[in-house]
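Visitor: To be precise about what I am sending: the file is called protein_8.cif and holds mmCIF, C-alpha atoms and all ligand atoms.
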data_entry
loop_
_atom_site.group_PDB
_atom_site.id
_atom_site.type_symbol
_atom_site.label_atom_id
_atom_site.label_comp_id
_atom_site.auth_asym_id
_atom_site.auth_seq_id
_atom_site.Cartn_x
_atom_site.Cartn_y
_atom_site.Cartn_z
ATOM 1 C CA MET A 1 -20.208 4.792 -6.279
ATOM 2 C CA GLY A 2 -17.072 5.785 -4.395
ATOM 3 C CA ALA A 3 -13.641 4.380 -5.042
ATOM 4 C CA SER A 4 -12.446 0.987 -3.912
ATOM 5 C CA ARG A 5 -9.972 1.484 -1.087
ATOM 6 C CA LEU A 6 -6.823 -0.541 -0.626
ATOM 7 C CA ILE A 7 -4.498 -0.169 2.338
ATOM 8 C CA VAL A 8 -1.030 -1.577 1.660
ATOM 9 C CA ALA A 9 0.431 -2.459 5.040
ATOM 10 C CA MET A 10 2.943 -4.758 6.680
ATOM 11 C CA PRO A 11 4.741 -3.701 9.861
ATOM 12 C CA LYS A 12 8.139 -4.809 8.626
ATOM 13 C CA GLY A 13 10.564 -2.729 6.599
ATOM 14 C CA GLY A 14 11.480 -3.759 3.088
ATOM 15 C CA SER A 15 8.523 -6.077 2.425
ATOM 16 C CA GLY A 16 7.668 -4.412 -0.862
ATOM 17 C CA LYS A 17 4.807 -2.200 0.346
ATOM 18 C CA THR A 18 5.922 0.831 -1.613
ATOM 19 C CA ALA A 19 6.860 -1.245 -4.672
ATOM 20 C CA THR A 20 3.382 -2.796 -4.534
ATOM 21 C CA ALA A 21 1.438 0.419 -3.925
ATOM 22 C CA VAL A 22 3.258 2.146 -6.791
ATOM 23 C CA ALA A 23 2.991 -0.828 -9.199
ATOM 24 C CA PHE A 24 -0.720 -1.176 -8.445
ATOM 25 C CA ALA A 25 -1.285 2.537 -9.024
ATOM 26 C CA ARG A 26 0.647 2.443 -12.303
ATOM 27 C CA GLY A 27 -1.052 -0.745 -13.469
ATOM 28 C CA LEU A 28 -4.547 0.567 -12.752
ATOM 29 C CA GLU A 29 -3.757 3.959 -14.252
ATOM 30 C CA ARG A 30 -2.593 2.147 -17.375
ATOM 31 C CA ALA A 31 -6.054 0.583 -17.586
ATOM 32 C CA CYS A 32 -7.546 4.103 -17.465
ATOM 33 C CA LYS A 33 -8.760 3.740 -13.894
ATOM 34 C CA ARG A 34 -8.676 6.936 -11.882
ATOM 35 C CA VAL A 35 -6.272 6.319 -9.028
ATOM 36 C CA LEU A 36 -5.399 8.297 -5.920
ATOM 37 C CA LEU A 37 -2.244 7.182 -4.160
ATOM 38 C CA VAL A 38 -1.846 8.397 -0.591
ATOM 39 C CA ASP A 39 1.635 8.268 0.913
ATOM 40 C CA LEU A 40 1.174 7.765 4.645
ATOM 41 C CA ASP A 41 4.819 6.867 5.235
ATOM 42 C CA PRO A 42 6.988 9.701 6.571
ATOM 43 C CA GLN A 43 9.924 8.152 4.673
ATOM 44 C CA GLY A 44 8.146 9.354 1.523
ATOM 45 C CA SER A 45 9.342 6.513 -0.710
ATOM 46 C CA THR A 46 6.146 6.509 -2.742
ATOM 47 C CA THR A 47 6.331 10.256 -3.202
ATOM 48 C CA ALA A 48 9.953 9.902 -4.347
ATOM 49 C CA ALA A 49 9.155 6.976 -6.663
ATOM 50 C CA LEU A 50 6.640 9.150 -8.479
ATOM 51 C CA ARG A 51 9.199 11.933 -8.788
ATOM 52 C CA ALA A 52 6.670 14.125 -7.070
ATOM 53 C CA ASP A 53 8.484 15.656 -4.124
ATOM 54 C CA SER A 54 6.018 18.013 -2.577
ATOM 55 C CA SER A 55 6.897 21.670 -2.612
ATOM 56 C CA PRO A 56 7.413 23.348 0.787
ATOM 57 C CA GLY A 57 4.042 24.228 2.205
ATOM 58 C CA GLY A 58 2.310 22.057 -0.396
ATOM 59 C CA TYR A 59 -0.645 19.807 0.284
ATOM 60 C CA THR A 60 0.365 16.574 2.073
ATOM 61 C CA ALA A 61 -1.160 13.632 3.914
ATOM 62 C CA CYS A 62 -1.222 15.831 7.042
ATOM 63 C CA ASP A 63 -3.728 18.133 5.343
ATOM 64 C CA LEU A 64 -5.781 15.224 4.043
ATOM 65 C CA LEU A 65 -6.053 13.622 7.487
ATOM 66 C CA LEU A 66 -6.231 16.588 9.813
ATOM 67 C CA SER A 67 -7.563 19.596 7.852
ATOM 68 C CA PRO A 68 -10.832 18.753 6.154
ATOM 69 C CA GLU A 69 -11.327 22.487 5.620
ATOM 70 C CA THR A 70 -8.182 22.775 3.448
ATOM 71 C CA PRO A 71 -9.158 22.349 -0.217
ATOM 72 C CA PHE A 72 -8.152 18.915 -1.489
ATOM 73 C CA ALA A 73 -5.105 19.445 -3.716
ATOM 74 C CA PRO A 74 -3.361 16.228 -4.780
ATOM 75 C CA LEU A 75 -0.424 16.300 -7.191
ATOM 76 C CA ARG A 76 -1.295 15.250 -10.729
ATOM 77 C CA VAL A 77 1.358 12.688 -11.610
ATOM 78 C CA ALA A 78 -0.420 11.519 -14.776
ATOM 79 C CA PRO A 79 -3.896 12.116 -16.184
ATOM 80 C CA TYR A 80 -5.340 9.192 -14.238
ATOM 81 C CA LEU A 81 -2.915 9.159 -11.317
ATOM 82 C CA HIS A 82 -3.015 11.627 -8.454
ATOM 83 C CA LEU A 83 -0.837 11.605 -5.351
ATOM 84 C CA VAL A 84 -1.164 12.952 -1.843
ATOM 85 C CA PRO A 85 2.511 13.279 -0.839
ATOM 86 C CA ALA A 86 3.994 11.987 2.393
ATOM 87 C CA PRO A 87 3.144 13.792 5.630
ATOM 88 C CA SER A 88 5.375 16.758 6.331
ATOM 89 C CA GLN A 89 5.024 17.017 10.109
ATOM 90 C CA THR A 90 5.361 13.411 11.080
ATOM 91 C CA ILE A 91 5.586 13.669 14.843
ATOM 92 C CA ALA A 92 2.701 16.099 15.110
ATOM 93 C CA LEU A 93 0.612 13.866 12.861
ATOM 94 C CA GLU A 94 1.419 10.766 14.892
ATOM 95 C CA PHE A 95 0.469 12.557 18.151
ATOM 96 C CA GLU A 96 -2.733 14.013 16.766
ATOM 97 C CA VAL A 97 -3.870 10.738 15.250
ATOM 98 C CA GLN A 98 -3.027 8.953 18.490
ATOM 99 C CA ALA A 99 -5.278 11.385 20.357
ATOM 100 C CA LEU A 100 -8.020 10.925 17.751
ATOM 101 C CA ASN A 101 -7.715 7.135 18.007
ATOM 102 C CA GLN A 102 -8.360 7.385 21.735
ATOM 103 C CA LEU A 103 -11.138 9.921 21.410
ATOM 104 C CA ALA A 104 -13.117 8.721 18.440
ATOM 105 C CA GLY A 105 -11.602 5.392 17.431
ATOM 106 C CA PRO A 106 -9.568 4.799 14.286
ATOM 107 C CA VAL A 107 -11.825 6.612 11.838
ATOM 108 C CA THR A 108 -9.614 9.491 10.663
ATOM 109 C CA VAL A 109 -8.127 7.873 7.544
ATOM 110 C CA ARG A 110 -11.431 6.325 6.555
ATOM 111 C CA ALA A 111 -13.264 9.649 6.879
ATOM 112 C CA ALA A 112 -10.557 11.449 4.887
ATOM 113 C CA LEU A 113 -10.658 8.888 2.084
ATOM 114 C CA GLU A 114 -14.439 8.960 1.985
ATOM 115 C CA ARG A 115 -14.348 12.741 1.514
ATOM 116 C CA VAL A 116 -12.308 12.468 -1.684
ATOM 117 C CA ALA A 117 -13.260 9.031 -3.002
ATOM 118 C CA SER A 118 -15.966 10.097 -5.431
ATOM 119 C CA ALA A 119 -13.422 11.410 -7.944
ATOM 120 C CA TYR A 120 -11.585 8.067 -8.182
ATOM 121 C CA ASP A 121 -11.986 4.400 -9.032
ATOM 122 C CA TYR A 122 -9.242 3.322 -6.591
ATOM 123 C CA VAL A 123 -7.674 4.936 -3.556
ATOM 124 C CA ILE A 124 -4.468 3.210 -2.470
ATOM 125 C CA CYS A 125 -2.615 4.027 0.760
ATOM 126 C CA ASP A 126 1.011 3.113 1.296
ATOM 127 C CA CYS A 127 1.775 2.700 5.013
ATOM 128 C CA GLY A 128 5.112 2.965 6.794
ATOM 129 C CA PRO A 129 6.861 0.054 8.516
ATOM 130 C CA SER A 130 5.919 0.959 12.077
ATOM 131 C CA LEU A 131 2.607 -0.044 13.581
ATOM 132 C CA GLY A 132 2.099 3.411 15.072
ATOM 133 C CA ALA A 133 -1.053 5.482 15.421
ATOM 134 C CA VAL A 134 -1.323 6.437 11.740
ATOM 135 C CA THR A 135 -0.840 2.877 10.441
ATOM 136 C CA TYR A 136 -3.271 1.561 13.059
ATOM 137 C CA ASN A 137 -5.833 4.132 11.954
ATOM 138 C CA ALA A 138 -5.208 3.338 8.268
ATOM 139 C CA LEU A 139 -5.744 -0.396 8.834
ATOM 140 C CA ALA A 140 -9.299 0.440 9.817
ATOM 141 C CA ALA A 141 -9.918 2.299 6.557
ATOM 142 C CA GLY A 142 -10.572 -0.605 4.296
ATOM 143 C CA PRO A 143 -9.392 -3.856 2.809
ATOM 144 C CA ILE A 144 -5.738 -4.495 3.581
ATOM 145 C CA LEU A 145 -3.200 -5.896 1.153
ATOM 146 C CA VAL A 146 -0.181 -7.348 2.927
ATOM 147 C CA PRO A 147 3.010 -7.747 0.901
ATOM 148 C CA VAL A 148 5.164 -10.463 2.433
ATOM 149 C CA GLU A 149 8.826 -10.728 1.544
ATOM 150 C CA THR A 150 9.610 -14.362 0.833
ATOM 151 C CA THR A 151 13.074 -14.394 2.278
ATOM 152 C CA ARG A 152 12.802 -14.867 5.988
ATOM 153 C CA LEU A 153 9.187 -15.356 6.795
ATOM 154 C CA THR A 154 8.357 -13.285 9.779
ATOM 155 C CA VAL A 155 5.593 -15.325 11.304
ATOM 156 C CA SER A 156 5.590 -13.199 14.442
ATOM 157 C CA VAL A 157 4.985 -10.009 12.437
ATOM 158 C CA LEU A 158 2.105 -11.587 10.551
ATOM 159 C CA THR A 159 0.580 -12.903 13.767
ATOM 160 C CA ARG A 160 0.823 -9.458 15.318
ATOM 161 C CA LEU A 161 -0.772 -7.844 12.284
ATOM 162 C CA THR A 162 -3.681 -10.295 12.175
ATOM 163 C CA LYS A 163 -4.253 -9.785 15.921
ATOM 164 C CA VAL A 164 -4.376 -6.005 15.471
ATOM 165 C CA VAL A 165 -6.797 -6.356 12.561
ATOM 166 C CA ALA A 166 -8.976 -8.718 14.585
ATOM 167 C CA GLN A 167 -9.056 -6.174 17.450
ATOM 168 C CA LEU A 168 -9.846 -3.379 15.038
ATOM 169 C CA ARG A 169 -12.901 -5.161 13.687
ATOM 170 C CA GLY A 170 -14.661 -4.343 16.936
ATOM 171 C CA VAL A 171 -14.436 -0.608 16.202
ATOM 172 C CA ALA A 172 -14.059 -0.691 12.440
ATOM 173 C CA PRO A 173 -15.947 -3.550 10.816
ATOM 174 C CA GLY A 174 -14.443 -2.670 7.422
ATOM 175 C CA ALA A 175 -10.972 -3.709 8.534
ATOM 176 C CA PHE A 176 -9.999 -6.999 6.995
ATOM 177 C CA ILE A 177 -7.077 -8.609 5.267
ATOM 178 C CA LEU A 178 -7.948 -8.921 1.598
ATOM 179 C CA GLY A 179 -4.826 -10.846 0.754
ATOM 180 C CA TYR A 180 -1.195 -11.629 1.317
ATOM 181 C CA LEU A 181 1.021 -10.943 -1.666
ATOM 182 C CA PRO A 182 4.291 -12.891 -1.758
ATOM 183 C CA THR A 183 7.053 -10.540 -2.899
ATOM 184 C CA ARG A 184 10.746 -10.669 -3.768
ATOM 185 C CA TYR A 185 10.574 -14.367 -4.602
ATOM 186 C CA THR A 186 13.660 -16.162 -5.879
ATOM 187 C CA ALA A 187 12.681 -19.603 -7.163
ATOM 188 C CA HIS A 188 16.214 -20.996 -7.121
ATOM 189 C CA GLN A 189 16.736 -20.176 -3.446
ATOM 190 C CA THR A 190 15.629 -22.828 -0.986
ATOM 191 C CA GLU A 191 14.978 -20.170 1.641
ATOM 192 C CA SER A 192 12.594 -18.315 -0.669
ATOM 193 C CA ARG A 193 10.718 -21.505 -1.650
ATOM 194 C CA GLU A 194 10.407 -22.523 1.999
ATOM 195 C CA ALA A 195 9.151 -19.079 2.944
ATOM 196 C CA LEU A 196 6.497 -19.197 0.214
ATOM 197 C CA ASN A 197 5.369 -22.663 1.337
ATOM 198 C CA ALA A 198 5.211 -21.521 4.947
ATOM 199 C CA LEU A 199 3.178 -18.465 3.947
ATOM 200 C CA ARG A 200 0.736 -20.607 1.965
ATOM 201 C CA THR A 201 0.341 -22.950 4.948
ATOM 202 C CA LEU A 202 -0.191 -20.036 7.301
ATOM 203 C CA GLY A 203 -2.357 -17.805 5.116
ATOM 204 C CA GLY A 204 -4.306 -20.429 3.156
ATOM 205 C CA ARG A 205 -6.636 -18.882 0.600
ATOM 206 C CA ARG A 206 -5.800 -15.401 1.752
ATOM 207 C CA VAL A 207 -2.452 -15.770 -0.057
ATOM 208 C CA LEU A 208 -2.703 -14.573 -3.653
ATOM 209 C CA ARG A 209 -1.767 -16.946 -6.457
ATOM 210 C CA ALA A 210 0.404 -14.251 -8.007
ATOM 211 C CA VAL A 211 3.972 -14.159 -6.751
ATOM 212 C CA ILE A 212 6.181 -11.124 -7.317
ATOM 213 C CA PRO A 213 9.725 -12.160 -8.246
ATOM 214 C CA GLN A 214 12.874 -10.511 -6.961
ATOM 215 C CA SER A 215 13.641 -8.352 -9.963
ATOM 216 C CA THR A 216 15.962 -5.482 -10.686
ATOM 217 C CA ALA A 217 13.182 -3.933 -12.806
ATOM 218 C CA VAL A 218 11.123 -3.302 -9.654
ATOM 219 C CA ALA A 219 14.014 -1.686 -7.816
ATOM 220 C CA ARG A 220 15.016 0.311 -10.896
ATOM 221 C CA SER A 221 11.513 1.553 -11.628
ATOM 222 C CA LEU A 222 11.245 2.876 -8.071
ATOM 223 C CA ALA A 223 14.706 4.427 -8.136
ATOM 224 C CA GLU A 224 14.282 5.904 -11.602
ATOM 225 C CA GLY A 225 10.749 7.138 -11.032
ATOM 226 C CA VAL A 226 9.521 5.300 -14.138
ATOM 227 C CA SER A 227 6.425 3.099 -14.364
ATOM 228 C CA LEU A 228 7.167 -0.621 -14.079
ATOM 229 C CA PHE A 229 5.013 -1.009 -17.190
ATOM 230 C CA ASP A 230 7.350 1.098 -19.301
ATOM 231 C CA ALA A 231 8.793 -0.681 -22.356
ATOM 232 C CA ARG A 232 12.280 -0.636 -20.863
ATOM 233 C CA TYR A 233 11.274 -3.281 -18.289
ATOM 234 C CA ARG A 234 9.650 -5.555 -20.888
ATOM 235 C CA ALA A 235 12.197 -8.358 -20.417
ATOM 236 C CA SER A 236 11.374 -8.640 -16.718
ATOM 237 C CA GLN A 237 8.762 -11.008 -15.287
ATOM 238 C CA ALA A 238 7.769 -8.499 -12.642
ATOM 239 C CA PRO A 239 5.302 -6.385 -14.680
ATOM 240 C CA ALA A 240 3.236 -9.465 -15.655
ATOM 241 C CA ALA A 241 3.355 -10.722 -12.061
ATOM 242 C CA TYR A 242 2.058 -7.385 -10.791
ATOM 243 C CA LEU A 243 -0.703 -7.347 -13.441
ATOM 244 C CA ALA A 244 -1.786 -10.815 -12.290
ATOM 245 C CA ALA A 245 -1.779 -9.601 -8.676
ATOM 246 C CA ILE A 246 -3.860 -6.561 -9.646
ATOM 247 C CA ASP A 247 -6.426 -8.795 -11.408
ATOM 248 C CA GLU A 248 -6.768 -10.974 -8.326
ATOM 249 C CA VAL A 249 -7.049 -8.036 -5.983
ATOM 250 C CA VAL A 250 -9.624 -6.286 -8.176
ATOM 251 C CA SER A 251 -11.748 -9.483 -8.246
ATOM 252 C CA ARG A 252 -11.498 -9.796 -4.479
ATOM 253 C CA LEU A 253 -12.448 -6.145 -4.023
ATOM 254 C CA GLU A 254 -15.457 -6.588 -6.297
ATOM 255 C CA ALA A 255 -16.486 -9.729 -4.421
ATOM 256 C CA SER A 256 -16.130 -7.920 -1.094
ATOM 257 C CA HIS A 257 -18.513 -5.196 -2.292
ATOM 258 C CA GLY A 258 -21.037 -7.950 -2.750
HETATM 259 N N1 LIG B 1 10.199 -7.445 -6.310
HETATM 260 C C1 LIG B 1 11.306 -6.759 -6.000
HETATM 261 N N2 LIG B 1 12.480 -7.069 -6.602
HETATM 262 C C2 LIG B 1 13.613 -6.395 -6.303
HETATM 263 N N3 LIG B 1 13.675 -5.389 -5.426
HETATM 264 C C3 LIG B 1 12.540 -5.035 -4.796
HETATM 265 C C4 LIG B 1 11.305 -5.698 -5.038
HETATM 266 N N4 LIG B 1 10.354 -5.123 -4.269
HETATM 267 C C5 LIG B 1 10.968 -4.166 -3.569
HETATM 268 N N5 LIG B 1 12.286 -4.101 -3.880
HETATM 269 C C6 LIG B 1 13.316 -3.219 -3.340
HETATM 270 O O1 LIG B 1 13.462 -3.518 -1.975
HETATM 271 C C7 LIG B 1 13.522 -2.336 -1.193
HETATM 272 C C8 LIG B 1 12.333 -2.310 -0.241
HETATM 273 O O2 LIG B 1 11.127 -2.300 -1.016
HETATM 274 P P1 LIG B 1 9.941 -1.321 -0.623
HETATM 275 O O3 LIG B 1 10.450 0.059 -0.430
HETATM 276 O O4 LIG B 1 8.855 -1.530 -1.607
HETATM 277 O O5 LIG B 1 9.556 -1.959 0.789
HETATM 278 P P2 LIG B 1 8.647 -1.308 1.912
HETATM 279 O O6 LIG B 1 7.909 -2.434 2.551
HETATM 280 O O7 LIG B 1 7.852 -0.217 1.358
HETATM 281 O O8 LIG B 1 9.739 -0.739 2.924
HETATM 282 P P3 LIG B 1 9.446 0.296 4.125
HETATM 283 O O9 LIG B 1 8.793 -0.509 5.196
HETATM 284 O O10 LIG B 1 10.796 0.796 4.490
HETATM 285 O O11 LIG B 1 8.540 1.352 3.604
HETATM 286 C C9 LIG B 1 13.535 -1.177 -2.167
HETATM 287 O O12 LIG B 1 14.855 -0.814 -2.398
HETATM 288 C C10 LIG B 1 12.924 -1.754 -3.433
HETATM 289 O O13 LIG B 1 13.453 -1.157 -4.587
HETATM 290 MG MG MG B 2 7.676 1.767 1.890
#
Would you give me this structure, written as structure tokens?
Guide:
Amino acid sequence: MGASRLIVAMPKGGSGKTATAVAFARGLERACKRVLLVDLDPQGSTTAALRADSSPGGYTACDLLLSPETPFAPLRVAPYLHLVPAPSQTIALEFEVQALNQLAGPVTVRAALERVASAYDYVICDCGPSLGAVTYNALAAGPILVPVETTRLTVSVLTRLTKVVAQLRGVAPGAFILGYLPTRYTAHQTESREALNALRTLGGRRVLRAVIPQSTAVARSLAEGVSLFDARYRASQAPAAYLAAIDEVVSRLEASHG
């Protein structure tokens, strides 16, 4: 069977998409699952967080999406963790995918992932903050995990995202929101508690039970290029919170496979 796909998306900057995509990849890798992480964000934060800056002319998300004839050549970050680095020619990619969306519907990312999925247990895509052609196409590629920052709840962004996903289902039945993951939670801040309550009211059972705390370990692990599950972050609550989130997401993925 091919890999389970997971598209990490939320059209708002700083929601914890990259932190989540990287923590999920590291957590699954740690459990000896074969993981492919695809960095679809031109900002390349995931690529940087894995200390895997692609070499000039190296294989990137542009090749994965637009050149099926180019041999698949992900970077090997760890024995069980491979990475397709961020797209190099962002504007060209955005234009080409936009044209493909109009021509054939949003099937480019899905087709690309299906080509390479057999070598992995999980394929995780980190999307950028803009709801452009590439993100739109990626949303159609599989179950979507939506990290939601619990500071100022952006109801309008969530409404927009759910509308886009609902529209997409017409052309891509696989597009659905697997779950909302509350991130950057600070229990002693009223604003954070209110945001979490509002998200639970709005998202109901789609909201995961796991809540990712605001934690310097998360920011440091991204900045230092070290797995969140490294011993140095042991004192933090964030690794356990991410492991709980991974368990929930894996169960939901298994349930969605029927
Ligand atoms: N749980 C957390 N605790 C503390 N800092 C966090 C947490 N999650 C993310 N951050 C920090 O917040 C910033 C934004 O997080 P991240 O890059 O994961 O968001 P993003 O949604 O991917 O943003 P973008 O839309 O720009 O790609 C980063 O500096 C990151 O280190
Ligand atoms: Mg990001």
Visitor: So what do you get for CA of Leu168 in chain A versus CA of Pro74 in chain A, distance-wise?
Guide: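 Taking CA of Leu168 in chain A and CA of Pro74 in chain A, their separation equals 28.6 Å.
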Visitor: Starting from the shown file, work through the PyMOL selection byres (((chain A and resi 252-255) around 12) and not hetatm) and note down what comes out as number ranges by chain.
Guide: A: 3-7, 121-122, 142-145, 176-180, 205-208, 245-251, 256-258
Visitor: Starting from the displayed file, determine the output of the PyMOL selection byres (((chain A and resi 155) around 12) and not hetatm) and express the residue list as a list of chain:residue names.
Guide: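 Applying the expression gives A:Met10, A:Pro11, A:Lys12, A:Val148, A:Glu149, A:Thr150, A:Thr151, A:Arg152, A:Leu153, A:Thr154, A:Ser156, A:Val157, A:Leu158, A:Thr159, A:Arg160, A:Leu161, A:Thr162, A:Ala195, A:Leu196, A:Ala198, A:Leu199, A:Arg200, A:Thr201, A:Leu202, A:Gly203.
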Visitor: Can you list what the PyMOL selection byres (((chain A and resi 125-128) around 6) and not hetatm) grabs from this structure, as a list of chain:residue names?
Guide: A:Ile7, A:Val8, A:Ala9, A:Ala21, A:Leu37, A:Val38, A:Asp39, A:Leu40, A:Asp41, A:Ile124, A:Pro129, A:Ser130
Visitor: One decimal, Å: what's the distance from atom N1 of ligand LIG 1 (chain B) over to CA of Thr47 in chain A, could you say?
Guide: 18.4 Å
Visitor: For Gly170 in chain A, list every protein, DNA or RNA residue within 12 Å, evaluated using all atoms listed in the file, and leave out those in the same chain fewer than 6 positions away; present the list as a PDB file with C-alpha atoms, keeping the file's coordinate frame.
Guide:
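Dumped to result.pdb:
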ATOM      1  CA  GLY A 105     -11.602   5.392  17.431  1.00  0.00           C
ATOM      2  CA  PRO A 106      -9.568   4.799  14.286  1.00  0.00           C
ATOM      3  CA  ALA A 140      -9.299   0.440   9.817  1.00  0.00           C
ATOM      4  CA  LYS A 163      -4.253  -9.785  15.921  1.00  0.00           C
ATOM      5  CA  VAL A 164      -4.376  -6.005  15.471  1.00  0.00           C
ATOM      6  CA  PHE A 176      -9.999  -6.999   6.995  1.00  0.00           C
TER       7      PHE A 176
END
Visitor: Produce as a list in words the set of residues near ligand LIG 1 (chain B), where near means within 7 Å with only C-alpha atoms and all ligand atoms considered.
Guide: Met10, Pro11, Lys12, Gly13, Gly14, Ser15, Gly16, Lys17, Thr18, Ala19, Thr20, Asp41, Ser45, Gly128, Pro129, Thr183, Arg184, Ile212, Pro213, Gln214, Ser215, Thr216, Ala217, Val218, Ala219, Arg220, Leu222, Ala223 and Ala238 of chain A
Visitor: Please, could you write that set of residues out with C-alpha atoms as a PDB file, keeping the file's coordinate frame?
Guide:
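Contents of result13.pdb, freshly written:
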ATOM      1  CA  MET A  10       2.943  -4.758   6.680  1.00  0.00           C
ATOM      2  CA  PRO A  11       4.741  -3.701   9.861  1.00  0.00           C
ATOM      3  CA  LYS A  12       8.139  -4.809   8.626  1.00  0.00           C
ATOM      4  CA  GLY A  13      10.564  -2.729   6.599  1.00  0.00           C
ATOM      5  CA  GLY A  14      11.480  -3.759   3.088  1.00  0.00           C
ATOM      6  CA  SER A  15       8.523  -6.077   2.425  1.00  0.00           C
ATOM      7  CA  GLY A  16       7.668  -4.412  -0.862  1.00  0.00           C
ATOM      8  CA  LYS A  17       4.807  -2.200   0.346  1.00  0.00           C
ATOM      9  CA  THR A  18       5.922   0.831  -1.613  1.00  0.00           C
ATOM     10  CA  ALA A  19       6.860  -1.245  -4.672  1.00  0.00           C
ATOM     11  CA  THR A  20       3.382  -2.796  -4.534  1.00  0.00           C
ATOM     12  CA  ASP A  41       4.819   6.867   5.235  1.00  0.00           C
ATOM     13  CA  SER A  45       9.342   6.513  -0.710  1.00  0.00           C
ATOM     14  CA  GLY A 128       5.112   2.965   6.794  1.00  0.00           C
ATOM     15  CA  PRO A 129       6.861   0.054   8.516  1.00  0.00           C
ATOM     16  CA  THR A 183       7.053 -10.540  -2.899  1.00  0.00           C
ATOM     17  CA  ARG A 184      10.746 -10.669  -3.768  1.00  0.00           C
ATOM     18  CA  ILE A 212       6.181 -11.124  -7.317  1.00  0.00           C
ATOM     19  CA  PRO A 213       9.725 -12.160  -8.246  1.00  0.00           C
ATOM     20  CA  GLN A 214      12.874 -10.511  -6.961  1.00  0.00           C
ATOM     21  CA  SER A 215      13.641  -8.352  -9.963  1.00  0.00           C
ATOM     22  CA  THR A 216      15.962  -5.482 -10.686  1.00  0.00           C
ATOM     23  CA  ALA A 217      13.182  -3.933 -12.806  1.00  0.00           C
ATOM     24  CA  VAL A 218      11.123  -3.302  -9.654  1.00  0.00           C
ATOM     25  CA  ALA A 219      14.014  -1.686  -7.816  1.00  0.00           C
ATOM     26  CA  ARG A 220      15.016   0.311 -10.896  1.00  0.00           C
ATOM     27  CA  LEU A 222      11.245   2.876  -8.071  1.00  0.00           C
ATOM     28  CA  ALA A 223      14.706   4.427  -8.136  1.00  0.00           C
ATOM     29  CA  ALA A 238       7.769  -8.499 -12.642  1.00  0.00           C
TER      30      ALA A 238
END
Visitor: Of the residues A:Gln98, A:Asp230, A:Val77, A:Ala210, which is the one nearest to Ala244 in chain A, using all atoms listed in the file?
Guide: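 Of the candidates, the smallest distance to Ala244 in chain A is held by A:Ala210.
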Visitor: Can you work out which one of A:Val109, A:Glu69, A:Thr46, A:Arg34 has the shortest atom-to-atom distance to ligand MG 2 (chain B), counting all atoms listed in the file?
Guide: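 Nearest candidate to ligand MG 2 (chain B) out of A:Val109, A:Glu69, A:Thr46, A:Arg34: A:Thr46.
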Visitor: List every protein, DNA or RNA residue that has an atom no more than 12 Å from (9.9, 10.6, -9.2) in the file's coordinate frame, counting all atoms listed in the file, and report them as an NGL selection string.
Guide: :A and (22 or 44-54 or 75 or 77-78 or 83 or 85 or 220-227)
Visitor: So what do you get for CA of Ser236 in chain A versus CA of Glu191 in chain A, distance-wise?
Guide: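 Pair CA of Ser236 in chain A / CA of Glu191 in chain A returns 22.0 Å.
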Visitor: Find the residue from A:His188, A:Arg115, A:Arg110, A:Lys33 that sits nearest to Leu81 in chain A; use only C-alpha atoms when measuring.
Guide: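 Ranked by minimum distance to Leu81 in chain A, first place goes to A:Lys33.
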Visitor: For ligand MG 2 (chain B), which of A:Pro239, A:Gly2, A:Leu28, A:Ala86 is the closest residue, counting only C-alpha atoms and all ligand atoms?
Guide: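 The answer is A:Ala86, which sits nearest to ligand MG 2 (chain B).
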Visitor: Looking at A:Val107, A:Leu113, A:Pro147, A:Ser118, which one is nearest to ligand MG 2 (chain B), with distances taken over only C-alpha atoms and all ligand atoms?
Guide: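 Closest to ligand MG 2 (chain B), using only C-alpha atoms and all ligand atoms: A:Pro147.
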Visitor: Quick one: everything within 9 Å of Ala133 in chain A, counting only C-alpha atoms, minus sequence neighbours fewer than 6 positions away in the same chain. Send it as number ranges by chain.
Guide: A: 93-99, 101, 106
Visitor: When you look at Ala112 in chain A with a cut-off of 8 Å (counting only C-alpha atoms), what residues show up, excluding the ones that are within fewer than 5 positions of it in the same chain? I need them as a list in words.
Guide: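 Neighbouring residues, sequence-local ones excluded: Leu64, Leu65 and Pro68 of chain A.
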